[in-house]
$ cat structure12.pdb   # PDB, C-alpha atoms
ATOM      1  CA  MET A 125     -61.719  13.301  -4.877
ATOM      2  CA  LEU A 126     -59.444  15.583  -6.910
ATOM      3  CA  THR A 127     -60.604  17.131 -10.169
ATOM      4  CA  PRO A 128     -58.518  16.597 -13.350
ATOM      5  CA  VAL A 129     -57.376  20.243 -13.172
ATOM      6  CA  GLU A 130     -56.214  19.812  -9.566
ATOM      7  CA  ARG A 131     -54.320  16.677 -10.557
ATOM      8  CA  VAL A 132     -52.614  18.512 -13.431
ATOM      9  CA  LEU A 133     -51.487  21.294 -11.075
ATOM     10  CA  ILE A 134     -50.183  18.750  -8.572
ATOM     11  CA  LEU A 135     -48.270  16.757 -11.214
ATOM     12  CA  LYS A 136     -46.719  19.974 -12.533
ATOM     13  CA  GLY A 137     -44.914  20.210  -9.187
ATOM     14  CA  ALA A 138     -42.777  17.172 -10.043
ATOM     15  CA  ASP A 139     -39.339  18.222 -11.297
ATOM     16  CA  LEU A 140     -39.518  15.773 -14.184
ATOM     17  CA  LEU A 141     -42.876  17.176 -15.375
ATOM     18  CA  LYS A 142     -42.453  20.876 -14.589
ATOM     19  CA  ASP A 143     -42.002  21.967 -18.221
ATOM     20  CA  VAL A 144     -44.806  19.837 -19.630
ATOM     21  CA  GLY A 145     -47.856  21.849 -20.714
ATOM     22  CA  PRO A 146     -51.205  21.331 -18.939
ATOM     23  CA  ARG A 147     -52.818  19.791 -22.037
ATOM     24  CA  HIS A 148     -50.113  17.116 -22.152
ATOM     25  CA  LEU A 149     -50.327  16.495 -18.406
ATOM     26  CA  LEU A 150     -54.058  15.848 -18.613
ATOM     27  CA  GLY A 151     -53.517  12.292 -19.871
ATOM     28  CA  LEU A 152     -51.232  11.576 -16.919
ATOM     29  CA  ALA A 153     -53.677  13.214 -14.516
ATOM     30  CA  ASN A 154     -56.419  10.849 -15.706
ATOM     31  CA  VAL A 155     -54.365   7.711 -14.939
ATOM     32  CA  ALA A 156     -52.792   8.863 -11.649
ATOM     33  CA  ARG A 157     -54.244   7.177  -8.545
ATOM     34  CA  GLU A 158     -55.177   8.880  -5.298
ATOM     35  CA  ILE A 159     -53.936   7.012  -2.232
ATOM     36  CA  GLU A 160     -54.666   7.800   1.390
ATOM     37  CA  ILE A 161     -51.538   7.794   3.532
ATOM     38  CA  SER A 162     -51.574   7.239   7.293
ATOM     39  CA  LYS A 163     -48.925   7.972   9.893
ATOM     40  CA  GLY A 164     -46.670   4.943  10.305
ATOM     41  CA  ASP A 165     -47.434   3.482   6.846
ATOM     42  CA  THR A 166     -44.450   2.480   4.723
ATOM     43  CA  LEU A 167     -45.060   3.326   1.069
ATOM     44  CA  TYR A 168     -41.988   1.392  -0.067
ATOM     45  CA  GLU A 169     -38.671   0.024   1.188
ATOM     46  CA  GLU A 170     -35.157   0.643  -0.127
ATOM     47  CA  ASP A 171     -35.026  -2.649  -2.048
ATOM     48  CA  ASP A 172     -38.498  -2.369  -3.573
ATOM     49  CA  PRO A 173     -38.629  -1.909  -7.353
ATOM     50  CA  ALA A 174     -39.091   1.696  -8.471
ATOM     51  CA  ASP A 175     -42.461   1.626 -10.206
ATOM     52  CA  ALA A 176     -44.245   4.907  -9.462
ATOM     53  CA  LEU A 177     -43.773   8.624  -8.849
ATOM     54  CA  TYR A 178     -45.598  10.059  -5.827
ATOM     55  CA  MET A 179     -46.867  13.588  -5.222
ATOM     56  CA  VAL A 180     -47.907  14.609  -1.715
ATOM     57  CA  VAL A 181     -51.270  16.381  -1.713
ATOM     58  CA  GLU A 182     -51.698  16.496   2.073
ATOM     59  CA  GLY A 183     -49.574  15.143   4.924
ATOM     60  CA  ARG A 184     -45.840  14.435   5.148
ATOM     61  CA  VAL A 185     -43.520  11.620   4.120
ATOM     62  CA  ARG A 186     -40.027  10.923   5.471
ATOM     63  CA  LEU A 187     -37.374   9.516   3.138
ATOM     64  CA  SER A 188     -34.494   7.568   4.679
ATOM     65  CA  THR A 189     -31.507   5.524   3.578
ATOM     66  CA  GLY A 190     -29.806   2.946   5.764
ATOM     67  CA  GLY A 191     -31.971   3.970   8.720
ATOM     68  CA  ARG A 192     -30.857   7.619   8.432
ATOM     69  CA  SER A 193     -33.432  10.276   7.542
ATOM     70  CA  THR A 194     -32.441  12.142   4.367
ATOM     71  CA  SER A 195     -35.453  14.430   3.812
ATOM     72  CA  GLU A 196     -39.120  15.092   4.444
ATOM     73  CA  VAL A 197     -41.646  15.706   1.681
ATOM     74  CA  GLY A 198     -44.787  17.791   2.123
ATOM     75  CA  PRO A 199     -47.752  19.079   0.091
ATOM     76  CA  GLY A 200     -46.917  19.898  -3.523
ATOM     77  CA  GLU A 201     -43.643  17.948  -3.440
ATOM     78  CA  ALA A 202     -42.714  14.785  -5.299
ATOM     79  CA  PHE A 203     -40.713  11.729  -4.309
ATOM     80  CA  GLY A 204     -39.717   8.614  -6.205
ATOM     81  CA  THR A 205     -39.582  10.796  -9.328
ATOM     82  CA  TRP A 206     -36.945   8.802 -11.199
ATOM     83  CA  ALA A 207     -39.155   5.711 -11.051
ATOM     84  CA  LEU A 208     -40.786   7.008 -14.230
ATOM     85  CA  VAL A 209     -37.608   6.476 -16.242
ATOM     86  CA  ASP A 210     -35.529   4.034 -14.196
ATOM     87  CA  ASP A 211     -36.596   0.527 -13.186
ATOM     88  CA  SER A 212     -33.862   0.007 -10.587
ATOM     89  CA  ARG A 213     -34.429  -0.422  -6.854
ATOM     90  CA  ARG A 214     -35.733   2.535  -4.845
ATOM     91  CA  GLY A 215     -32.558   3.146  -2.860
ATOM     92  CA  HIS A 216     -34.499   4.828  -0.040
ATOM     93  CA  ARG A 217     -37.437   4.115   2.257
ATOM     94  CA  ALA A 218     -40.625   6.221   2.230
ATOM     95  CA  GLU A 219     -42.677   6.371   5.440
ATOM     96  CA  CYS A 220     -45.731   8.499   6.151
ATOM     97  CA  ILE A 221     -45.247  10.697   9.231
ATOM     98  CA  GLU A 222     -48.464  12.715   8.940
ATOM     99  CA  ASP A 223     -51.852  11.529   7.640
ATOM    100  CA  GLY A 224     -52.857  12.778   4.248
ATOM    101  CA  LEU A 225     -53.274  12.049   0.555
ATOM    102  CA  ALA A 226     -50.827  11.319  -2.257
ATOM    103  CA  LEU A 227     -51.091  11.005  -6.010
ATOM    104  CA  ALA A 228     -49.292   7.986  -7.510
ATOM    105  CA  LEU A 229     -48.322   7.792 -11.179
ATOM    106  CA  GLN A 230     -47.267   4.289 -12.243
ATOM    107  CA  ARG A 231     -44.388   3.976 -14.716
ATOM    108  CA  GLU A 232     -46.427   1.718 -17.034
ATOM    109  CA  ASP A 233     -49.232   4.299 -17.169
ATOM    110  CA  PHE A 234     -46.690   7.050 -17.825
ATOM    111  CA  TYR A 235     -45.244   5.171 -20.818
ATOM    112  CA  ASP A 236     -48.696   4.329 -22.158
ATOM    113  CA  CYS A 237     -49.537   8.055 -22.209
ATOM    114  CA  ALA A 238     -46.108   9.135 -23.475
ATOM    115  CA  ALA A 239     -46.266   6.629 -26.349
ATOM    116  CA  GLY A 240     -49.153   8.609 -27.829
ATOM    117  CA  ASP A 241     -47.823  12.074 -26.945
ATOM    118  CA  LEU A 242     -44.477  12.970 -28.498
ATOM    119  CA  THR A 243     -44.448  16.437 -26.914
ATOM    120  CA  LEU A 244     -44.761  14.953 -23.426
ATOM    121  CA  LEU A 245     -41.853  12.604 -24.114
ATOM    122  CA  GLN A 246     -39.707  15.410 -25.572
ATOM    123  CA  GLU A 247     -40.263  17.624 -22.524
ATOM    124  CA  VAL A 248     -39.310  14.836 -20.133
ATOM    125  CA  VAL A 249     -36.179  14.028 -22.165
ATOM    126  CA  ARG A 250     -35.253  17.736 -22.135
ATOM    127  CA  VAL A 251     -35.497  17.829 -18.327
ATOM    128  CA  LEU A 252     -33.377  14.662 -18.099
ATOM    129  CA  ALA A 253     -30.768  16.149 -20.448
ATOM    130  CA  ASN A 254     -30.594  19.364 -18.407
ATOM    131  CA  ARG A 255     -30.265  17.396 -15.192
ATOM    132  CA  LEU A 256     -27.491  15.254 -16.691
ATOM    133  CA  ARG A 257     -25.693  18.360 -17.970
ATOM    134  CA  SER A 258     -25.774  19.955 -14.524
ATOM    135  CA  LEU A 259     -24.580  16.757 -12.835
ATOM    136  CA  VAL A 260     -21.520  16.475 -15.073
ATOM    137  CA  SER A 261     -20.670  20.188 -15.353
ATOM    138  CA  ASP A 262     -18.043  19.851 -12.625
ATOM    139  CA  ARG A 263     -16.348  16.907 -14.378
ATOM    140  CA  PRO A 264     -16.486  17.703 -18.118
ATOM    141  CA  ASP A 265     -13.608  15.426 -19.136
ATOM    142  CA  GLU A 266     -15.291  12.368 -17.622
ATOM    143  CA  ALA A 267     -18.600  13.287 -19.222
ATOM    144  CA  ARG A 268     -17.396  13.262 -22.812
ATOM    145  CA  VAL A 269     -18.804  10.625 -25.123
ATOM    146  CA  GLU A 270     -16.515   9.348 -27.862
ATOM    147  CA  ASN A 271     -14.393  12.530 -27.830
ATOM    148  CA  GLU A 272     -17.430  14.735 -28.461
ATOM    149  CA  GLY A 273     -16.404  18.364 -28.270
ATOM    150  CA  ILE A 274     -12.676  17.654 -27.984
ATOM    151  CA  GLU A 275     -10.572  19.661 -30.422
ATOM    152  CA  LYS A 276      -7.538  17.890 -31.809
ATOM    153  CA  ALA A 277      -4.284  19.343 -30.573
ATOM    154  CA  PRO A 278      -1.815  20.655 -33.149
ATOM    155  CA  GLY A 279       0.226  17.747 -34.428
ATOM    156  CA  ALA A 280      -2.551  15.217 -33.947
ATOM    157  CA  ARG A 281      -2.765  12.431 -36.530
ATOM    158  CA  GLY A 282      -5.569  14.057 -38.575
ATOM    159  CA  GLU A 283      -3.649  17.326 -38.863
ATOM    160  CA  ARG A 284      -0.426  15.536 -39.825
ATOM    161  CA  GLU A 285      -2.260  13.708 -42.595
ATOM    162  CA  MET A 286      -3.712  16.942 -43.946
ATOM    163  CA  THR A 287      -0.257  18.565 -43.868
ATOM    164  CA  ALA A 288       1.300  15.557 -45.577
ATOM    165  CA  ALA A 289      -1.414  15.565 -48.216
ATOM    166  CA  SER A 290      -0.628  19.149 -49.130
ATOM    167  CA  THR A 291       3.122  18.532 -49.302
ATOM    168  CA  PRO A 292       4.455  17.833 -52.814
ATOM    169  CA  GLY A 293       5.617  14.253 -53.302
ATOM    170  CA  SER A 294       3.520  12.810 -50.492
ATOM    171  CA  ALA A 295       1.088  10.791 -52.540
ATOM    172  CA  PRO A 296       1.102   7.687 -50.261
ATOM    173  CA  GLU A 297      -0.059   9.817 -47.296
ATOM    174  CA  ALA A 298      -2.564  11.659 -49.461
ATOM    175  CA  ASP A 299      -4.140   8.339 -50.420
ATOM    176  CA  LYS A 300      -5.099   7.844 -46.756
ATOM    177  CA  ILE A 301      -7.236  10.974 -46.677
ATOM    178  CA  GLY A 302     -10.921  10.132 -46.909
ATOM    179  CA  GLN A 303     -10.409   6.573 -45.718
ATOM    180  CA  LEU A 304     -12.167   5.308 -42.623
ATOM    181  CA  GLU A 305     -10.531   3.539 -39.747
ATOM    182  CA  SER A 306     -12.116   0.296 -38.524
ATOM    183  CA  PRO A 307     -12.376  -0.488 -34.793
ATOM    184  CA  SER A 308      -9.270  -2.712 -35.139
ATOM    185  CA  GLY A 309      -7.235   0.250 -36.437
ATOM    186  CA  GLN A 310      -7.108  -0.874 -40.094
ATOM    187  CA  ARG A 311      -7.833   1.636 -42.838
ATOM    188  CA  VAL A 312     -10.930   0.978 -44.918
ATOM    189  CA  PRO A 313     -11.445   2.741 -48.250
ATOM    190  CA  PRO A 314     -14.628   4.844 -48.424
ATOM    191  CA  LYS A 315     -17.662   3.481 -50.276
ATOM    192  CA  THR A 316     -18.157   4.875 -53.758
ATOM    193  CA  GLU A 317     -21.347   5.054 -55.765
ATOM    194  CA  GLY A 318     -21.785   2.072 -57.987
ATOM    195  CA  GLY A 319     -19.039   0.171 -56.151
ATOM    196  CA  PRO A 320     -19.461  -2.772 -53.795
ATOM    197  CA  ALA A 321     -21.563  -1.997 -50.704
TER     198      ALA A 321
END

$ encode --input "structure12.pdb" --output "structure tokens"
Amino acid sequence: MLTPVERVLILKGADLLKDVGPRHLLGLANVAREIEISKGDTLYEEDDPADALYMVVEGRVRLSTGGRSTSEVGPGEAFGTWALVDDSRRGHRAECIEDGLALALQREDFYDCAAGDLTLLQEVVRVLANRLRSLVSDRPDEARVENEGIEKAPGARGEREMTAASTPGSAPEADKIGQLESPSGQRVPPKTEGGPA
């Protein structure tokens, strides 16, 4: 039987929880389950729902996809990590190849703890954001959301409007400044205090 401190140290080995402080991991350590694993046991299949993160304490687990071995996981290593935040199918098979012990953290238990611990949730979101940033760093144009971070090129519509607004005798164009554009492309006057909402 593992002590709470041992469980905290084991959980800290999971990539998703590596930056979470020990005090915040204690709640997760208290709800994690110890499971004995035996050679030949299948922990889950590719099409099983992702419902728990596993940490190997002792023994080894082989992960495979489509009958092809993709990796082996040993003591101090995690597998099924994304189950904590994603309820899709596993996408790989986990089979024990050496007797031992694993720690399982169910997604429902994770969310129960995280609901009462904002710091824990913030740390996990930070890890997810960093992982996402690294995954899309090679394809920045495809990663943009609603033109975030894209500078308008000279001559773009917004710049033309500003130029027109500063040109004498261009009152009709100047009237467009400060108006919003609806999703259908129509201009909508901005709301003013005391006016209709």

$ residues_near_point --input "structure12.pdb" --point "(-32.5, 5.2, 7.5)" --cutoff "12 Å" --atoms "only C-alpha atoms" --output "PyMOL selection string"
chain A and resi 169-170+186-195+215-219

$ atom_distance --input "structure12.pdb" --atom1 "CA of Tyr178 (chain A)" --atom2 "CA of Arg255 (chain A)"
19.4 Å

$ closest_residue --input "structure12.pdb" --among "A:Glu201, A:Glu130, A:Asp223, A:Glu182" --to "Gly164 (chain A)" --atoms "all atoms listed in the file"
A:Asp223

$ residues_around --input "structure12.pdb" --residues "Glu247 (chain A)" --least-positions-apart "6" --cutoff "8 Å" --atoms "only C-alpha atoms" --output "ChimeraX atom specification"
/A:141,143-144

$ write_last_selection --input "structure12.pdb" --atoms "C-alpha atoms" --output "compact mmCIF listing (two decimals), in the coordinates of the input"
# COMPACT_ATOMS: atom_id res chain seq x y z
CA LEU A 141 -42.88 17.18 -15.38
CA ASP A 143 -42.00 21.97 -18.22
CA VAL A 144 -44.81 19.84 -19.63

$ closest_residue --input "structure12.pdb" --among "A:Ala226, A:Leu135, A:Leu259, A:Met125" --to "Ser162 (chain A)" --atoms "all atoms listed in the file"
A:Ala226
